[in-house]
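Structure first, commentary second.
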Amino acid sequence: MSLTSIIRPLLAPRWRTIETYATEAEHLQLQVLDRLLRKAKNTEWGQRYGFAAIRGASVGSSMAGLYEQFSAAVPLSDYNDMKASIDRMRHGEPDVLWPGRVRWYAKSSGTTSDKSKFIPVSPDGLKDTHYRGATDVVVAYLHHNPESCVFDGRALILGGSHAPNYNLKHSLVGDLSAILIENINPMVNLVRVPKKATALLSDFELKRDRIAREAIGKNVTNISGVPSWMLSVLTRVMELSGKEYLTDIWPNLEVFFHGGVAFTPYREQYLRLIPSERMYYLETYNASEGFFGVQTDPADKSLQLMLDYGVFYEFIPMDEFGSEHPAVLPVWAVQPGKNYAMVITTSSGLWRYMIGDTVRFTSTAPYKFVITGRTKFFINAFGEELIVDNAEQGLACACRETGAEVLEYTAAPIFMDEHGHCSHQWLIEFSRQPDNIEVFADALDRALQDINSDYEAKRYKDITLQRLQLIPARTGLFHDWLKQQGKLGGQHKVPRLSNTREYIEQMLKLN
């Protein structure tokens with residue numbers, strides 16, 4: 001009897017619970033909110049905002065008034081609002097945002113004033129959110145693939161690295177994936193590759209080579225990770241093996257569980273690498289702040305919002321985002337087809353936290369959505385999370401260093417080629433040109449690494465993300481492009497950063 005045939009019936013009841021999302025969304029979410037408030041009522045934030053007094057009156061299967069009281073009592077927040085509290089937690093102070101001491105912090109790209117954000121990850125958050133999400137994506141996959149043998153081989157799982165947090169005992173800060181690997185059930189290590197020590201290496205060049213060498217002789221049936229970085233590892237596997245296709249090395253490979261960046265730019269490369277009709281690709285929405293969505297149907301690219309984890313969801317219509325008093329809606333009040341900014345309350349101590357992501361619901365029975373981007377212009381094609389503020393600061397540094405002046409600019413990714421290489425392409429109109437364009441490009445690239453820790457990590461040793469490419473724009477190019485688009489004057493602006501090449505290709509044709 002195969003291991004998959006033993007595990008499958010143990011996971012099947014969970015699918016039946018997920019099916020209730022279609023009719024029980026409000027009830028499930030109010031249960032989550034009530035549980036979070038009760039658990040955190042004696043924390044500093046719980047006392048500040050009167051969590052103990054927020055109680056709904058039981059009416060049938062709902063808790064009438066609970067959400068209304070919560071949203072009236074607790075303000076919307078972002079990282080800057082919580083930064084001081086999180087830093088106290090990182091220094092070991094208990095009962096601030098969440099009960100007890102939180103020892104793990106997921107490091108992600110920063111805000112306007114900080115190179116990095118440090119997102120608390122509590123034991124509750126690991127158990128009721130991150131690990132549940134990892135389990136549920138397998139539940140969905142097995143439900144749609146009754147012939148699967150996914151547990152009869154190894155799982156190739158990519159992870160990041162971590163480091164001590166302020167030298168506090170047993171406290172770590174680093175990539176979320178590294179925190180998950182560090183705390184995972186030891187039994188999982190029996191069916192995964194690479195070994196834990198390799199998975200947590202901080203030198204990606206060394207890690208990539210070791211992962212490839214450890215995995216190449218194993219019966220790998222499934223892979224998990226960020227598409228860009230997984231492709232880099234698989235490229236190394238192919239180099240070492242000398243084979244033409246990945247299926248020549250792992251003939252039983254059947255599924256890629258992916259997330260972190262959009263998969264579309266990489267799809268064709270994976271199809272060339274894995275020419276198998278039995279290969280499936282399932283997306284997850286797993287962020288430092290929580291695990292939010294699972295592609296529960298391989299035929300539907302939308303993600304299902306996971307409603308019974310340790311996360312309570314709210315949504316701000318994007319046409320009101322940034323206003324003084326925006327409408328904020330619980331999930332049961334959203335409408336399909338509209339763009340919303342996501343707000344979360346979690347079992348790791350984030351309270352009405354604006355995560356910065358935007359989504360559009362494709363269905364409300366069940367609640368399915370697609371990720372539409374960020375609340376600001378950005379590039380996150382490879383996990384670098386470059387925001388406009390990073391770009392402005394980087395350009396200012398490069399201008400100071402070279403004496404140049406920038407009039408207009410835009411930037412977009414150059415997606416990975418067959419060698420796993422990629423970069424950012426900048427189109428810049430100068431009002432004062434630098435003496436040497438390449439010196440300016442070097443200065444800008446260095447400044448972006450200094451400003452943004454995720455960009456710095458992806459640029460490490462040119463393994464995948466290469467130095468940016470810079471193209472000088474002719475005088476008046478951006479004016480002419482705006483005119484062509486019918487967007488001269490008013491509030492229309494040049495899109496500074498874009499996660500696709502749509503805008504920059506239009507401009508390059510006019511350059």
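Residues are named by chain letter and number: chains run A, B, ... in the order of the structure tokens, numbers start at 1 in each chain, and ligands are numbered from 1 in the order shown.
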For this session: Quick one: pick out all alpha helix (DSSP H) residues within stretch 222-324 of chain A from a backbone DSSP run and write them as a PyMOL selection string.
Result: chain A and resi 227-241+267-273
Problem set entry | Spatial neighbours of A:Val226, 9 Å, only C-alpha atoms, chain gap at least 4 places, as a list in words | Leu158, Met230, Leu231, Phe257, His258, Gly259, Gly260, Val261, Phe263, Phe382 and Gly383 of chain A
Non-local contacts of A:Ser423 (12 Å; only C-alpha atoms; under 4 positions in same chain excluded) as a PDB file with N, CA and C atoms, in the first residue's frame:
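Wrote it out as result_10.pdb, contents follow:
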ATOM      1  N   SER A 228      10.535  32.009  -9.749  1.00  0.00           N
ATOM      2  CA  SER A 228      11.825  32.493 -10.243  1.00  0.00           C
ATOM      3  C   SER A 228      12.984  31.740  -9.625  1.00  0.00           C
ATOM      4  N   ILE A 379       7.442  46.770  -8.586  1.00  0.00           N
ATOM      5  CA  ILE A 379       7.930  45.638  -9.382  1.00  0.00           C
ATOM      6  C   ILE A 379       8.183  44.506  -8.404  1.00  0.00           C
ATOM      7  N   ASN A 380       7.500  43.406  -8.622  1.00  0.00           N
ATOM      8  CA  ASN A 380       7.712  42.223  -7.778  1.00  0.00           C
ATOM      9  C   ASN A 380       7.684  40.979  -8.654  1.00  0.00           C
ATOM     10  N   ALA A 381       8.439  41.021  -9.761  1.00  0.00           N
ATOM     11  CA  ALA A 381       8.466  39.902 -10.691  1.00  0.00           C
ATOM     12  C   ALA A 381       9.300  38.743 -10.170  1.00  0.00           C
ATOM     13  N   PHE A 382      10.222  39.042  -9.241  1.00  0.00           N
ATOM     14  CA  PHE A 382      11.137  38.007  -8.761  1.00  0.00           C
ATOM     15  C   PHE A 382      11.230  37.990  -7.233  1.00  0.00           C
ATOM     16  N   GLU A 384      11.360  40.859  -5.383  1.00  0.00           N
ATOM     17  CA  GLU A 384      12.160  41.988  -4.928  1.00  0.00           C
ATOM     18  C   GLU A 384      11.338  43.103  -4.295  1.00  0.00           C
ATOM     19  N   ALA A 411      10.124  51.990 -15.196  1.00  0.00           N
ATOM     20  CA  ALA A 411      10.933  50.768 -15.098  1.00  0.00           C
ATOM     21  C   ALA A 411      10.013  49.556 -15.113  1.00  0.00           C
ATOM     22  N   ALA A 412      10.547  48.450 -15.627  1.00  0.00           N
ATOM     23  CA  ALA A 412       9.783  47.208 -15.725  1.00  0.00           C
ATOM     24  C   ALA A 412      10.760  46.040 -15.710  1.00  0.00           C
ATOM     25  N   PRO A 413      10.270  44.847 -15.439  1.00  0.00           N
ATOM     26  CA  PRO A 413      11.164  43.681 -15.411  1.00  0.00           C
ATOM     27  C   PRO A 413      11.501  43.171 -16.811  1.00  0.00           C
ATOM     28  N   ILE A 414      12.675  42.586 -16.941  1.00  0.00           N
ATOM     29  CA  ILE A 414      13.022  41.726 -18.074  1.00  0.00           C
ATOM     30  C   ILE A 414      12.983  40.315 -17.527  1.00  0.00           C
ATOM     31  N   PHE A 415      12.040  39.514 -17.993  1.00  0.00           N
ATOM     32  CA  PHE A 415      11.794  38.222 -17.385  1.00  0.00           C
ATOM     33  C   PHE A 415      12.889  37.214 -17.725  1.00  0.00           C
ATOM     34  N   MET A 416      12.933  36.150 -16.952  1.00  0.00           N
ATOM     35  CA  MET A 416      14.023  35.181 -17.033  1.00  0.00           C
ATOM     36  C   MET A 416      14.181  34.574 -18.426  1.00  0.00           C
ATOM     37  N   ASP A 417      15.443  34.428 -18.841  1.00  0.00           N
ATOM     38  CA  ASP A 417      15.736  33.729 -20.082  1.00  0.00           C
ATOM     39  C   ASP A 417      16.036  32.258 -19.787  1.00  0.00           C
ATOM     40  N   ASP A 445      21.852  51.046  -9.127  1.00  0.00           N
ATOM     41  CA  ASP A 445      21.736  49.654  -8.693  1.00  0.00           C
ATOM     42  C   ASP A 445      22.243  49.476  -7.267  1.00  0.00           C
ATOM     43  N   TYR A 455      15.464  43.485  -2.733  1.00  0.00           N
ATOM     44  CA  TYR A 455      16.209  43.706  -3.973  1.00  0.00           C
ATOM     45  C   TYR A 455      17.669  43.302  -3.781  1.00  0.00           C
ATOM     46  N   LYS A 458      17.987  39.502  -3.895  1.00  0.00           N
ATOM     47  CA  LYS A 458      17.830  38.931  -5.231  1.00  0.00           C
ATOM     48  C   LYS A 458      19.011  39.262  -6.139  1.00  0.00           C
ATOM     49  N   ARG A 459      19.723  40.354  -5.840  1.00  0.00           N
ATOM     50  CA  ARG A 459      20.895  40.737  -6.641  1.00  0.00           C
ATOM     51  C   ARG A 459      22.175  40.019  -6.185  1.00  0.00           C
ATOM     52  N   ASP A 462      24.726  38.169  -8.546  1.00  0.00           N
ATOM     53  CA  ASP A 462      24.188  38.059  -9.910  1.00  0.00           C
ATOM     54  C   ASP A 462      23.673  36.665 -10.236  1.00  0.00           C
ATOM     55  N   ILE A 463      23.251  35.908  -9.215  1.00  0.00           N
ATOM     56  CA  ILE A 463      22.824  34.528  -9.464  1.00  0.00           C
ATOM     57  C   ILE A 463      21.608  34.505 -10.377  1.00  0.00           C
ATOM     58  N   THR A 464      20.604  35.326 -10.076  1.00  0.00           N
ATOM     59  CA  THR A 464      19.396  35.358 -10.910  1.00  0.00           C
ATOM     60  C   THR A 464      19.112  36.773 -11.388  1.00  0.00           C
ATOM     61  N   LEU A 465      18.944  37.722 -10.476  1.00  0.00           N
ATOM     62  CA  LEU A 465      18.648  39.103 -10.855  1.00  0.00           C
ATOM     63  C   LEU A 465      19.951  39.821 -11.190  1.00  0.00           C
ATOM     64  N   GLN A 466      20.103  40.195 -12.450  1.00  0.00           N
ATOM     65  CA  GLN A 466      21.316  40.863 -12.906  1.00  0.00           C
ATOM     66  C   GLN A 466      21.228  42.367 -12.642  1.00  0.00           C
ATOM     67  N   ARG A 467      22.342  43.053 -12.840  1.00  0.00           N
ATOM     68  CA  ARG A 467      22.348  44.499 -12.694  1.00  0.00           C
ATOM     69  C   ARG A 467      21.344  45.113 -13.657  1.00  0.00           C
ATOM     70  N   LEU A 468      20.671  46.168 -13.232  1.00  0.00           N
ATOM     71  CA  LEU A 468      19.648  46.811 -14.041  1.00  0.00           C
ATOM     72  C   LEU A 468      20.207  47.307 -15.372  1.00  0.00           C
ATOM     73  N   GLN A 469      19.351  47.372 -16.369  1.00  0.00           N
ATOM     74  CA  GLN A 469      19.680  47.937 -17.675  1.00  0.00           C
ATOM     75  C   GLN A 469      19.078  49.340 -17.765  1.00  0.00           C
ATOM     76  N   LEU A 470      19.817  50.274 -18.303  1.00  0.00           N
ATOM     77  CA  LEU A 470      19.344  51.662 -18.392  1.00  0.00           C
ATOM     78  C   LEU A 470      19.361  52.113 -19.844  1.00  0.00           C
TER      79      LEU A 470
END
For this session: Identify, with DSSP run on backbone atoms, the residues in stretch 314-417 of chain A assigned to strand (DSSP E or B), and express the list as a ChimeraX atom specification.
Result: /A:314-317,329-330,339-346,353-364,367-374,378-379,386-387,405-414
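With only C-alpha atoms as the basis for measurement, A:Pro330 is the residue among A:Val173, A:Ser453, A:Pro330, A:Ala25 that approaches A:Leu66 most closely.
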For this session: In Å, rounded to a single decimal, give me how far atom CA of A:Gly349 is from atom CA of A:Ser323.
Result: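 Straight-line distance from atom CA of A:Ser323 to atom CA of A:Gly349 works out to 25.2 Å.
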Problem set entry | A:Ala140, A:Ile54, A:Val96, A:Ile274 ranked by distance to A:Thr296, top pick (using only C-alpha atoms) |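 When distances to A:Thr296 are compared using only C-alpha atoms, the smallest one comes from A:Ala140.
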Any chance you could tabulate, as a tab-separated table, the residues of stretch 217-252 of chain A at most 12 Å from stretch 284-291 of chain A with each one's nearest atom pair and distance in Å to one decimal, using only C-alpha atoms, in chain and rising number order?
residue	atom	partner	partner_atom	distance
A:Ser224	CA	A:Thr284	CA	10.0
A:Gly225	CA	A:Thr284	CA	9.8
A:Val226	CA	A:Thr284	CA	10.1
A:Pro227	CA	A:Thr284	CA	11.6
Problem set entry | Spatial neighbours of A:Ala178, 12 Å, only C-alpha atoms, chain gap at least 2 places, as an MDAnalysis selection string | chainID A and resid 104:107 121 157:163 172:176 180:184 196:202 225 288
Exercise. Got a sec: who's within 12 Å of A:His143, counting only C-alpha atoms, leaving out chain neighbours fewer than 2 positions off, as a list in words?
Worked result: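 Those residues are Arg8, Pro9, Leu10, Leu11, Ala12, Pro13, Arg14, Trp15, Arg16, Ile18, Glu19, Asp136, Val137, Val138, Val139, Ala140, Tyr141, Asn145, Pro146, Glu147, Ser148, Thr296, Asp297 and Pro298 of chain A.
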For this session: Quote the spacing between atom CA of A:Asn80 and atom CA of A:Thr375 in Å to one decimal place.
Result: 15.7 Å
For this session: Figure out the distance between atom CA of A:Arg400 and atom CA of A:Ala473, please, to one decimal in Å.
Result: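 Answer for the atom CA of A:Ala473 to atom CA of A:Arg400 separation: 19.9 Å.
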For this session: Go through A:Leu76, A:Leu33, A:Leu97, A:Val220 one by one, measure the shortest atom-to-atom distance of each to A:Glu324 using only C-alpha atoms, and give the residue with the smallest value.
Result: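 With only C-alpha atoms as the atom set, the closest residue is A:Leu76.
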Problem set entry | Residue neighbourhood stretch 309-314 of chain A, 6 Å, only C-alpha atoms, exclusion window fewer than 3 positions, as an NGL selection string | :A and (33 or 128-129 or 329-331 or 343-347)
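Excluding A:Leu386 itself and any same-chain residue fewer than 6 positions from it, the protein and nucleic acid residues within 10 Å of it, counting only C-alpha atoms, are A:Ser109, A:Gly110, A:Phe377, A:Phe378, A:Ile379, A:Asn380, A:Leu448, A:Ile451, A:Asn452, A:Ser453, A:Asp454, A:Tyr455, A:Leu497, A:Ser498, A:Asn499.
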Exercise. Given the choices A:Lys301, A:Lys509, A:Arg496, A:Arg360, which gets closest to A:Asp480 if the distance is worked out from only C-alpha atoms?
Worked result: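 Comparing A:Lys301, A:Lys509, A:Arg496, A:Arg360 against A:Asp480, the winner is A:Lys509.
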